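One file, coords.txt, carrying compact mmCIF, C-alpha atoms:
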```txt
# COMPACT_ATOMS: atom_id res chain seq x y z
CA MET A 1 -11.09 13.60 -11.81
CA PHE A 2 -12.20 13.68 -15.35
CA ARG A 3 -10.74 11.67 -18.12
CA LYS A 4 -11.52 11.83 -21.73
CA GLN A 5 -12.65 8.34 -22.44
CA SER A 6 -14.67 8.35 -25.57
CA HIS A 7 -14.46 9.75 -29.02
CA ARG A 8 -16.05 9.19 -32.34
CA ALA A 9 -14.57 6.23 -34.02
CA ARG A 10 -13.15 6.97 -37.38
CA GLU A 11 -14.37 5.06 -40.38
CA MET A 12 -11.59 2.54 -40.58
CA ASP A 13 -10.64 -0.81 -39.22
CA LEU A 14 -7.84 -1.25 -36.70
CA PRO A 15 -4.86 0.37 -38.40
CA ALA A 16 -1.69 -1.67 -38.61
CA SER A 17 0.25 1.56 -38.18
CA ARG A 18 -0.50 1.63 -34.43
CA PRO A 19 1.00 -1.54 -33.08
CA PHE A 20 1.83 0.17 -29.79
CA ALA A 21 -1.76 1.19 -29.18
CA HIS A 22 -2.97 -2.30 -30.02
CA ALA A 23 -0.44 -3.86 -27.69
CA ALA A 24 -1.42 -1.46 -24.90
CA VAL A 25 -5.09 -2.34 -25.24
CA LEU A 26 -4.41 -6.07 -25.32
CA ALA A 27 -2.04 -5.86 -22.36
CA SER A 28 -4.59 -3.90 -20.41
CA LEU A 29 -7.32 -6.38 -21.18
CA ALA A 30 -5.08 -9.16 -19.92
CA LEU A 31 -4.91 -7.43 -16.57
CA THR A 32 -7.79 -7.26 -14.21
CA GLY A 33 -8.82 -4.68 -11.71
CA VAL A 34 -7.16 -3.06 -8.46
CA ALA A 35 -7.68 -0.08 -6.14
CA LEU A 36 -5.74 1.88 -3.55
CA ALA A 37 -6.47 1.85 0.10
CA GLN A 38 -10.05 2.76 0.86
CA GLU A 39 -10.49 4.07 -2.66
CA ALA A 40 -13.44 2.69 -4.56
CA THR A 41 -13.22 2.03 -8.27
CA ASN A 42 -14.68 5.18 -9.77
CA THR A 43 -14.63 7.65 -6.88
CA PRO A 44 -11.55 9.58 -5.76
CA ALA A 45 -10.35 9.34 -2.15
CA ALA A 46 -8.21 11.56 0.07
CA THR A 47 -5.46 8.96 0.01
CA GLN A 48 -2.06 8.94 -1.62
CA PRO A 49 1.24 7.06 -1.56
CA ALA A 50 3.93 7.80 1.01
CA GLU A 51 6.71 10.24 0.25
CA GLY A 52 8.96 8.87 -2.46
CA LYS A 53 6.66 5.92 -3.21
CA LEU A 54 5.03 5.05 -6.50
CA TYR A 55 1.66 3.47 -7.20
CA LEU A 56 0.77 1.89 -10.48
CA ARG A 57 -2.89 1.50 -11.23
CA GLN A 58 -4.36 -0.12 -14.30
CA ARG A 59 -8.05 0.06 -15.03
CA VAL A 60 -9.97 -1.40 -17.92
CA GLN A 61 -13.48 -0.03 -18.41
CA TYR A 62 -16.13 -1.28 -20.79
CA PHE A 63 -18.85 1.17 -21.82
CA ASP A 64 -22.09 0.19 -23.53
CA LEU A 65 -23.58 3.33 -25.10
CA GLY A 66 -26.88 3.63 -26.97
CA ASP A 67 -29.76 5.94 -27.97
CA ASP A 68 -27.40 8.06 -30.01
CA PRO A 69 -29.02 11.43 -30.84
CA SER A 70 -26.63 12.05 -33.73
CA PRO A 71 -27.71 11.36 -37.34
CA LYS A 72 -25.59 8.21 -37.30
CA ASP A 73 -27.75 6.61 -34.59
CA ARG A 74 -24.77 4.58 -33.40
CA ASP A 75 -24.64 1.67 -31.00
CA ILE A 76 -21.24 1.99 -29.36
CA ASP A 77 -19.05 -0.41 -27.40
CA LYS A 78 -15.96 1.11 -25.94
CA VAL A 79 -13.03 -0.20 -23.92
CA VAL A 80 -10.84 2.32 -22.13
CA ALA A 81 -7.59 1.09 -20.60
CA THR A 82 -6.17 3.72 -18.27
CA THR A 83 -2.69 3.44 -16.84
CA SER A 84 -2.13 5.67 -13.81
CA LEU A 85 1.11 6.43 -12.02
CA THR A 86 0.97 8.30 -8.70
CA TYR A 87 4.08 9.52 -6.94
CA GLY A 88 4.19 10.75 -3.35
CA LEU A 89 5.96 14.12 -3.32
CA ARG A 90 5.42 14.50 0.42
CA ARG A 91 3.29 12.74 2.98
CA ASP A 92 0.45 15.07 2.01
CA MET A 93 1.17 15.79 -1.67
CA SER A 94 1.14 13.62 -4.75
CA LEU A 95 1.35 13.87 -8.50
CA SER A 96 -0.52 11.55 -10.87
CA LEU A 97 -0.33 10.83 -14.56
CA ASP A 98 -3.25 9.09 -16.29
CA VAL A 99 -2.83 7.71 -19.80
CA PRO A 100 -6.01 6.32 -21.41
CA VAL A 101 -5.99 4.11 -24.50
CA VAL A 102 -9.36 3.72 -26.19
CA TYR A 103 -10.73 0.95 -28.38
CA ALA A 104 -14.13 1.69 -29.90
CA ILE A 105 -16.60 -0.31 -31.95
CA GLU A 106 -19.52 1.53 -33.55
CA ASP A 107 -22.45 -0.16 -35.21
CA THR A 108 -24.37 1.96 -37.69
CA ALA A 109 -26.73 1.28 -40.54
CA ALA A 110 -23.71 1.48 -42.84
CA GLY A 111 -21.79 -1.21 -40.98
CA THR A 112 -19.29 -1.63 -38.16
CA GLU A 113 -16.45 0.77 -37.54
CA ARG A 114 -13.51 0.11 -35.24
CA ASP A 115 -10.66 2.27 -34.07
CA VAL A 116 -8.04 2.49 -31.38
CA GLY A 117 -6.05 5.46 -30.12
CA LEU A 118 -4.65 7.52 -27.31
CA SER A 119 -7.04 9.84 -25.51
CA ASP A 120 -6.06 12.96 -23.58
CA VAL A 121 -3.53 12.55 -20.80
CA ALA A 122 -4.40 13.89 -17.32
CA LEU A 123 -1.88 15.36 -14.90
CA THR A 124 -3.24 15.70 -11.35
CA PHE A 125 -1.78 17.33 -8.25
CA LYS A 126 -3.33 16.39 -4.91
CA TYR A 127 -2.80 18.06 -1.55
CA ARG A 128 -4.25 16.76 1.71
CA PRO A 129 -4.44 19.59 4.26
CA VAL A 130 -6.57 17.66 6.75
CA GLN A 131 -5.73 14.29 8.27
CA ILE A 132 -7.09 13.30 11.66
CA ASP A 133 -6.04 9.79 12.66
CA LEU A 134 -8.31 8.93 15.56
CA ASN A 135 -6.92 5.52 16.51
CA PRO A 136 -4.98 2.67 14.88
CA ILE A 137 -7.63 2.29 12.18
CA ASP A 138 -10.02 5.23 12.06
CA SER A 139 -9.12 8.31 10.06
CA VAL A 140 -10.81 11.41 8.65
CA ARG A 141 -9.20 13.24 5.75
CA PHE A 142 -9.82 15.97 3.23
CA ALA A 143 -7.83 16.63 0.07
CA VAL A 144 -7.98 19.10 -2.78
CA PHE A 145 -6.85 18.28 -6.26
CA GLY A 146 -6.43 19.98 -9.59
CA GLY A 147 -4.77 19.46 -12.88
CA LEU A 148 -4.89 19.53 -16.63
CA GLU A 149 -6.13 17.28 -19.35
CA ILE A 150 -3.47 17.53 -22.01
CA PRO A 151 -4.55 16.80 -25.59
CA SER A 152 -2.93 13.69 -27.03
CA GLY A 153 -3.30 15.02 -30.57
CA ASP A 154 -4.43 11.59 -31.72
CA GLY A 155 -7.17 12.62 -34.14
CA ASP A 156 -10.70 12.24 -32.83
CA PHE A 157 -9.42 10.56 -29.69
CA SER A 158 -8.10 13.91 -28.50
CA SER A 159 -10.16 16.92 -27.46
CA GLN A 160 -7.49 19.16 -29.00
CA SER A 161 -7.85 21.49 -26.00
CA LEU A 162 -6.07 21.96 -22.69
CA ASP A 163 -8.78 21.49 -20.04
CA PRO A 164 -8.14 22.39 -16.39
CA PHE A 165 -10.03 20.77 -13.52
CA ILE A 166 -10.25 21.27 -9.79
CA GLY A 167 -11.94 19.42 -6.95
CA GLY A 168 -12.08 18.30 -3.37
CA VAL A 169 -12.59 14.95 -1.68
CA PHE A 170 -13.54 13.93 1.85
CA THR A 171 -12.70 10.49 3.22
CA ALA A 172 -13.79 8.94 6.51
CA ILE A 173 -12.73 5.48 7.66
CA LEU A 174 -14.49 4.33 10.80
CA GLY A 175 -14.00 0.70 11.72
CA ARG A 176 -15.29 -1.48 8.92
CA HIS A 177 -16.97 1.44 7.16
CA GLY A 178 -15.48 3.87 4.68
CA LEU A 179 -17.03 6.88 2.95
CA ASN A 180 -15.66 9.00 0.13
CA GLN A 181 -17.37 12.13 -1.16
CA SER A 182 -15.84 13.97 -4.09
CA LEU A 183 -16.80 17.04 -6.08
CA SER A 184 -14.88 18.33 -9.08
CA TYR A 185 -15.32 20.70 -11.99
CA LYS A 186 -13.71 20.60 -15.41
CA LEU A 187 -13.49 23.58 -17.73
CA ASN A 188 -13.59 22.64 -21.40
CA THR A 189 -11.59 25.33 -23.10
CA GLY A 190 -12.12 24.30 -26.69
CA GLY A 191 -13.64 21.93 -29.16
CA ASP A 192 -17.19 21.76 -30.37
CA ARG A 193 -17.27 18.21 -31.58
CA PHE A 194 -20.12 15.89 -30.79
CA ASP A 195 -18.83 13.38 -28.31
CA THR A 196 -19.98 10.05 -27.04
CA ARG A 197 -19.49 9.93 -23.30
CA ALA A 198 -20.25 12.14 -20.36
CA GLY A 199 -17.68 14.83 -19.67
CA ASP A 200 -16.00 14.67 -23.05
CA GLY A 201 -18.12 17.15 -24.97
CA PRO A 202 -17.68 20.90 -25.36
CA SER A 203 -19.57 21.71 -22.14
CA ASN A 204 -18.06 22.20 -18.73
CA ALA A 205 -18.60 19.27 -16.40
CA LEU A 206 -19.40 18.95 -12.71
CA ARG A 207 -18.70 15.51 -11.31
CA TYR A 208 -20.17 14.43 -7.98
CA ASP A 209 -19.14 11.03 -6.69
CA THR A 210 -20.00 9.15 -3.52
CA ALA A 211 -18.59 5.80 -2.44
CA TYR A 212 -19.35 3.60 0.55
CA LEU A 213 -17.00 0.75 1.44
CA PHE A 214 -17.70 -2.05 3.89
CA ARG A 215 -14.87 -4.30 5.03
CA LEU A 216 -16.29 -7.74 4.53
CA ALA A 217 -13.28 -9.63 5.85
CA PRO A 218 -11.61 -9.71 8.21
CA ALA A 219 -14.22 -8.39 10.63
CA GLN A 220 -11.38 -7.36 12.91
CA TYR A 221 -7.73 -6.89 12.03
CA ALA A 222 -5.20 -9.14 13.73
CA ALA A 223 -1.42 -9.22 13.98
CA ASP A 224 -1.20 -11.55 10.99
CA THR A 225 -3.73 -9.80 8.74
CA ALA A 226 -2.27 -9.69 5.26
CA ALA A 227 -5.30 -8.77 3.17
CA ALA A 228 -8.83 -7.39 3.34
CA THR A 229 -11.90 -7.65 1.16
CA TYR A 230 -14.38 -4.78 0.78
CA LEU A 231 -17.80 -4.44 -0.75
CA THR A 232 -18.29 -1.09 -2.43
CA LEU A 233 -21.31 0.89 -3.51
CA GLU A 234 -20.81 3.98 -5.66
CA LEU A 235 -23.00 6.77 -6.93
CA ASN A 236 -21.22 8.55 -9.76
CA GLY A 237 -22.90 11.68 -11.05
CA LEU A 238 -22.01 14.02 -13.87
CA TYR A 239 -23.76 17.26 -14.75
CA GLU A 240 -22.76 19.13 -17.88
CA THR A 241 -23.49 22.77 -18.60
CA SER A 242 -25.33 21.63 -21.73
CA GLY A 243 -28.00 20.39 -19.31
CA ASP A 244 -27.14 16.71 -19.53
CA ASN A 245 -27.17 14.90 -16.21
CA GLU A 246 -26.32 11.30 -15.48
CA ILE A 247 -25.99 9.29 -12.30
CA LEU A 248 -24.62 5.75 -12.25
CA LEU A 249 -25.17 3.40 -9.34
CA GLY A 250 -22.71 0.59 -8.97
CA PRO A 251 -21.78 -2.21 -6.62
CA GLY A 252 -18.26 -3.52 -6.59
CA ILE A 253 -15.68 -5.56 -4.76
CA LEU A 254 -12.16 -4.69 -3.71
CA TYR A 255 -9.48 -7.11 -2.55
CA GLU A 256 -6.50 -5.46 -0.96
CA ALA A 257 -3.25 -7.16 0.03
CA ARG A 258 -0.16 -5.46 1.42
CA THR A 259 1.46 -4.74 -1.94
CA PHE A 260 -1.35 -4.94 -4.44
CA ALA A 261 -5.11 -4.73 -4.82
CA LEU A 262 -7.72 -6.01 -7.27
CA GLU A 263 -11.09 -4.45 -7.99
CA ALA A 264 -14.22 -4.90 -10.04
CA ALA A 265 -17.30 -2.69 -10.27
CA VAL A 266 -20.44 -2.20 -12.32
CA GLY A 267 -22.23 1.05 -13.12
CA ILE A 268 -25.92 1.14 -13.98
CA PRO A 269 -27.74 4.38 -14.82
CA VAL A 270 -30.35 5.51 -12.29
CA VAL A 271 -30.70 9.04 -13.66
CA GLN A 272 -30.34 9.65 -17.38
CA GLU A 273 -31.30 13.11 -18.62
CA VAL A 274 -29.14 13.19 -21.70
CA ASP A 275 -29.84 14.94 -25.00
CA GLU A 276 -26.41 15.87 -26.35
CA ARG A 277 -24.72 12.48 -26.48
CA PRO A 278 -25.49 8.74 -26.39
CA GLU A 279 -26.85 7.35 -23.15
CA THR A 280 -24.77 5.05 -20.97
CA SER A 281 -26.39 1.64 -20.64
CA LEU A 282 -23.69 -0.11 -18.64
CA VAL A 283 -20.15 0.38 -17.36
CA VAL A 284 -17.97 -2.49 -16.16
CA THR A 285 -14.60 -1.78 -14.60
CA LEU A 286 -11.75 -4.12 -13.69
CA GLY A 287 -8.46 -2.99 -12.26
CA PHE A 288 -5.35 -3.66 -10.27
CA ARG A 289 -2.94 -1.56 -8.25
CA VAL A 290 0.62 -2.13 -7.15
CA LEU A 291 2.70 -0.29 -4.56
CA PHE A 292 6.41 -0.02 -5.37
CA MET B 1 -20.95 32.60 41.13
CA LYS B 2 -18.39 33.66 38.54
CA TYR B 3 -15.53 32.94 40.96
CA VAL B 4 -16.95 29.52 41.78
CA ALA B 5 -17.03 28.62 38.09
CA MET B 6 -13.47 29.87 37.56
CA THR B 7 -12.26 27.89 40.56
CA VAL B 8 -13.91 24.71 39.29
CA LEU B 9 -12.33 25.18 35.87
CA ALA B 10 -8.92 25.82 37.41
CA VAL B 11 -9.15 22.72 39.60
CA VAL B 12 -10.28 20.57 36.68
CA GLY B 13 -7.48 21.95 34.49
CA LEU B 14 -4.85 21.43 37.17
CA GLY B 15 -6.10 17.93 37.84
CA ALA B 16 -5.94 17.03 34.18
CA THR B 17 -2.41 18.40 33.91
CA LEU B 18 -1.20 16.55 36.98
CA GLY B 19 -2.94 13.40 35.83
CA GLY B 20 -1.10 13.58 32.52
CA CYS B 21 2.23 14.08 34.29
CA ALA B 22 1.56 11.22 36.67
CA ALA B 23 0.91 8.95 33.72
CA GLY B 24 4.34 9.76 32.34
CA GLY B 25 3.25 12.39 29.77
CA THR B 26 0.88 12.22 26.85
CA SER B 27 1.75 10.29 23.76
CA ASP B 28 2.09 13.55 21.83
CA GLU B 29 4.79 14.66 24.23
CA THR B 30 6.52 11.31 23.82
CA VAL B 31 6.47 11.63 20.05
CA ALA B 32 7.63 15.25 20.17
CA ALA B 33 10.59 14.16 22.28
CA ALA B 34 11.34 11.26 19.95
CA ARG B 35 11.47 13.57 16.96
CA LEU B 36 14.31 15.49 18.62
CA ASP B 37 16.11 12.50 20.08
CA ASP B 38 19.35 11.70 18.23
CA SER B 39 20.60 9.23 20.77
CA PRO B 40 20.76 5.63 19.47
CA VAL B 41 18.05 3.22 20.48
CA GLU B 42 19.48 0.73 22.94
CA GLY B 43 18.61 -2.88 22.37
CA ARG B 44 17.46 -4.78 19.32
CA GLN B 45 13.82 -3.73 19.16
CA ALA B 46 11.55 -0.70 19.17
CA ILE B 47 7.77 -0.58 19.18
CA LEU B 48 6.06 2.31 17.43
CA THR B 49 2.37 3.01 17.88
CA VAL B 50 0.93 4.34 14.63
CA HIS B 51 -2.60 5.61 14.00
CA GLY B 52 -4.57 5.78 10.76
CA MET B 53 -3.41 2.51 9.17
CA SER B 54 -6.86 1.53 8.03
CA CYS B 55 -5.96 -0.99 5.35
CA PRO B 56 -3.25 -3.49 4.37
CA LEU B 57 -1.74 -1.18 1.75
CA CYS B 58 -1.52 1.56 4.40
CA ALA B 59 0.40 -0.77 6.68
CA ASN B 60 2.77 -1.57 3.88
CA ASN B 61 3.62 2.12 3.47
CA VAL B 62 4.77 2.18 7.10
CA ASP B 63 6.60 -1.11 6.68
CA LYS B 64 8.52 0.11 3.63
CA ALA B 65 9.41 3.47 5.15
CA LEU B 66 10.84 1.87 8.30
CA MET B 67 12.78 -0.76 6.34
CA GLU B 68 14.61 2.06 4.57
CA VAL B 69 16.17 3.21 7.84
CA PRO B 70 19.76 1.87 8.00
CA GLY B 71 20.06 -0.66 10.80
CA VAL B 72 16.44 -1.85 10.60
CA THR B 73 16.35 -5.54 9.74
CA GLY B 74 12.64 -6.24 10.02
CA VAL B 75 9.24 -4.68 10.63
CA ASN B 76 6.04 -6.36 11.77
CA VAL B 77 2.91 -4.22 11.64
CA ASP B 78 -0.08 -5.24 13.73
CA MET B 79 -3.00 -3.36 12.19
CA ASN B 80 -5.31 -4.14 15.10
CA THR B 81 -3.17 -2.41 17.73
CA GLY B 82 -1.32 -0.04 15.42
CA ASN B 83 1.98 -1.38 16.73
CA ALA B 84 4.90 -1.55 14.35
CA THR B 85 7.59 -3.73 15.91
CA VAL B 86 10.98 -2.79 14.49
CA ALA B 87 13.92 -5.18 14.67
CA LEU B 88 17.38 -3.61 14.74
CA ASP B 89 20.70 -5.17 13.78
CA GLY B 90 22.35 -3.94 16.98
CA LYS B 91 25.37 -2.64 15.10
CA THR B 92 24.16 0.36 13.15
CA PRO B 93 23.04 3.21 15.42
CA VAL B 94 19.32 3.92 14.91
CA THR B 95 17.79 6.96 16.59
CA ARG B 96 14.24 7.67 17.64
CA ARG B 97 14.32 10.66 15.31
CA GLN B 98 15.04 8.40 12.32
CA LEU B 99 12.17 6.09 13.22
CA ALA B 100 9.78 8.99 13.79
CA GLU B 101 10.73 10.61 10.49
CA ALA B 102 10.17 7.34 8.65
CA VAL B 103 6.62 7.08 9.99
CA ASP B 104 6.00 10.75 9.18
CA LYS B 105 7.11 10.15 5.59
CA SER B 106 4.76 7.19 5.29
CA GLY B 107 1.79 9.52 5.77
CA PHE B 108 0.43 8.22 9.08
CA SER B 109 0.42 9.48 12.66
CA LEU B 110 3.03 8.34 15.14
CA ARG B 111 1.66 8.21 18.69
CA ARG B 112 4.33 6.49 20.77
CA VAL B 113 7.88 5.21 20.60
CA ASP B 114 8.71 2.48 23.10
CA VAL B 115 11.99 0.68 23.55
CA PRO B 116 11.45 -2.46 25.64
```
Take the structure in the file and write it out as structure tokens.
Amino acid sequence: MFRKQSHRAREMDLPASRPFAHAAVLASLALTGVALAQEATNTPAATQPAEGKLYLRQRVQYFDLGDDPSPKDRDIDKVVATTSLTYGLRRDMSLSLDVPVVYAIEDTAAGTERDVGLSDVALTFKYRPVQIDLNPIDSVRFAVFGGLEIPSGDGDFSSQSLDPFIGGVFTAILGRHGLNQSLSYKLNTGGDRFDTRAGDGPSNALRYDTAYLFRLAPAQYAADTAAATYLTLELNGLYETSGDNEILLGPGILYEARTFALEAAVGIPVVQEVDERPETSLVVTLGFRVLF
Amino acid sequence: MKYVAMTVLAVVGLGATLGGCAAGGTSDETVAAARLDDSPVEGRQAILTVHGMSCPLCANNVDKALMEVPGVTGVNVDMNTGNATVALDGKTPVTRRQLAEAVDKSGFSLRRVDVP
């Protein structure tokens, strides 16, 4: 799934007229990472809540962006706090709402600029037509998803265009091993602004994500197992029709209890063929997830 | 040669069918019957075998769905065996169909319903 997560910071300090946005950012920063069952931090999975159940997921991502090709030659630090609510419509259908709040700091020759605002909101429908549960633990699943990125209208934090996306994701859980492979495509229907992060510019975007999860503990489930810890390794790729291509490699850790989960992951560029926007130097993600 | 092959296949097929019957039916048949069974579960406990619960959050989905069935007072999910042991209050009638539907709603695969 694509989310608009970066925008040019406007030339102003944090405006006092947006106390809600400030509070949302601060609240998000106070919370630390979580993920849903067998879902790594930055890669979708063919999982979803049960019918009538609600998941809350909060992620805070820090982006270090550099080598800005624009005349401003900016060095950008960005924090994106995304609140996600997923509701199980049926056992195989869900609806998600993602609301990202962005806080950006840009260093230029003229000085430092800061801004905070609401980025585009994503509405995602997911349907899982394939689910083969092989035994008490092992499962193979495939889901399709699609949705819209709805412009927030918040100045430069919004793309000002309604962008549809569609994709598919395969999940296999075999013993202590989990694999997620996702492919999705977003159509940018408007806007020609120069943007700062992959997938947010005027080009269409193809995202290809792979995640491997290894259950570190317990080695074997028991009757009294109440939590599990996973090591994750993700390969998150994004190709844009402008020709830009970026692949981030990232290890992570996921702790999952029966009602909540915590997660942390790092993304380091291994492929960086980017001419139309600043390069990503580092991504750090923390998150948590709660089942209601 | 063709007839020999057909005979072998027929014998193997018949043997497999009889073997399944002798074992008391496959779990799929058990579950299919449970989904249509509106008679109350006798006793204070039922054991459901559920597949696909690969993580603690998954198990909690099953737990929550079963706890919403009126008459269920407790659920203990063993992720290793896939067994969800359901405690009943003994007063409110609880049917196999209700238990099966609860597991279906949770998003996982019910394989057996046993009432000890």
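Counting only C-alpha atoms, every residue of chain B that comes within 9 Å of chain A is listed here: Thr49, Val50, His51, Gly52, Met53, Ser54, Cys55, Pro56, Leu57, Cys58, Ala59, Asn60, Asn61, Val62, Ala65, Asn76, Val77, Asp78, Met79, Asn80, Thr81, Gly82, Asn83, Asp104, Lys105, Ser106, Gly107, Phe108 and Ser109 of chain B.
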Taking C-alpha atoms for each residue, export the selection above as a PDB file, in the coordinates of the input.
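New file part.pdb:
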```
ATOM      1  CA  THR B  49       2.370   3.010  17.880  1.00  0.00           C
ATOM      2  CA  VAL B  50       0.930   4.340  14.630  1.00  0.00           C
ATOM      3  CA  HIS B  51      -2.600   5.610  14.000  1.00  0.00           C
ATOM      4  CA  GLY B  52      -4.570   5.780  10.760  1.00  0.00           C
ATOM      5  CA  MET B  53      -3.410   2.510   9.170  1.00  0.00           C
ATOM      6  CA  SER B  54      -6.860   1.530   8.030  1.00  0.00           C
ATOM      7  CA  CYS B  55      -5.960  -0.990   5.350  1.00  0.00           C
ATOM      8  CA  PRO B  56      -3.250  -3.490   4.370  1.00  0.00           C
ATOM      9  CA  LEU B  57      -1.740  -1.180   1.750  1.00  0.00           C
ATOM     10  CA  CYS B  58      -1.520   1.560   4.400  1.00  0.00           C
ATOM     11  CA  ALA B  59       0.400  -0.770   6.680  1.00  0.00           C
ATOM     12  CA  ASN B  60       2.770  -1.570   3.880  1.00  0.00           C
ATOM     13  CA  ASN B  61       3.620   2.120   3.470  1.00  0.00           C
ATOM     14  CA  VAL B  62       4.770   2.180   7.100  1.00  0.00           C
ATOM     15  CA  ALA B  65       9.410   3.470   5.150  1.00  0.00           C
ATOM     16  CA  ASN B  76       6.040  -6.360  11.770  1.00  0.00           C
ATOM     17  CA  VAL B  77       2.910  -4.220  11.640  1.00  0.00           C
ATOM     18  CA  ASP B  78      -0.080  -5.240  13.730  1.00  0.00           C
ATOM     19  CA  MET B  79      -3.000  -3.360  12.190  1.00  0.00           C
ATOM     20  CA  ASN B  80      -5.310  -4.140  15.100  1.00  0.00           C
ATOM     21  CA  THR B  81      -3.170  -2.410  17.730  1.00  0.00           C
ATOM     22  CA  GLY B  82      -1.320  -0.040  15.420  1.00  0.00           C
ATOM     23  CA  ASN B  83       1.980  -1.380  16.730  1.00  0.00           C
ATOM     24  CA  ASP B 104       6.000  10.750   9.180  1.00  0.00           C
ATOM     25  CA  LYS B 105       7.110  10.150   5.590  1.00  0.00           C
ATOM     26  CA  SER B 106       4.760   7.190   5.290  1.00  0.00           C
ATOM     27  CA  GLY B 107       1.790   9.520   5.770  1.00  0.00           C
ATOM     28  CA  PHE B 108       0.430   8.220   9.080  1.00  0.00           C
ATOM     29  CA  SER B 109       0.420   9.480  12.660  1.00  0.00           C
TER      30      SER B 109
END
```
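Atom pair atom CA of Pro44 of chain A / atom CA of Glu276 of chain A: separated by 26.2 Å.
Between atom CA of Leu213 of chain A and atom CA of Ala40 of chain A the interatomic distance comes to 7.2 Å.
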Near-segment 265-275 of chain A list (7 Å; all atoms listed in the file; drop same-chain fewer than 5 positions) as number ranges by chain: A: 41, 69, 244-253, 280-286
Separation of atom CA of Ala122 of chain A from atom CA of Leu262 of chain A in Å: 22.5 Å
Neighbour list for segment 93-98 of chain B as a list in words, cut-off 6 Å, all atoms listed in the file, skip fewer than 4 positions in-chain: Ala34, Arg35, Leu36, Asp37, Asp38, Ser39, Pro40 and Val41 of chain B
Six-sided padding of 3 Å per side, axis-aligned box over segment 85-88 of chain B, centre and edges in Å, one decimal, as lines of an AutoDock Vina configuration file:
```
center_x = 12.5
center_y = -4.0
center_z = 15.2
size_x = 15.8
size_y = 8.4
size_z = 7.4
```
Spatial neighbours of Tyr103 of chain A, 7 Å, only C-alpha atoms, chain gap at least 6 places, as a PyMOL selection string: chain A and resi 78-80+115-117
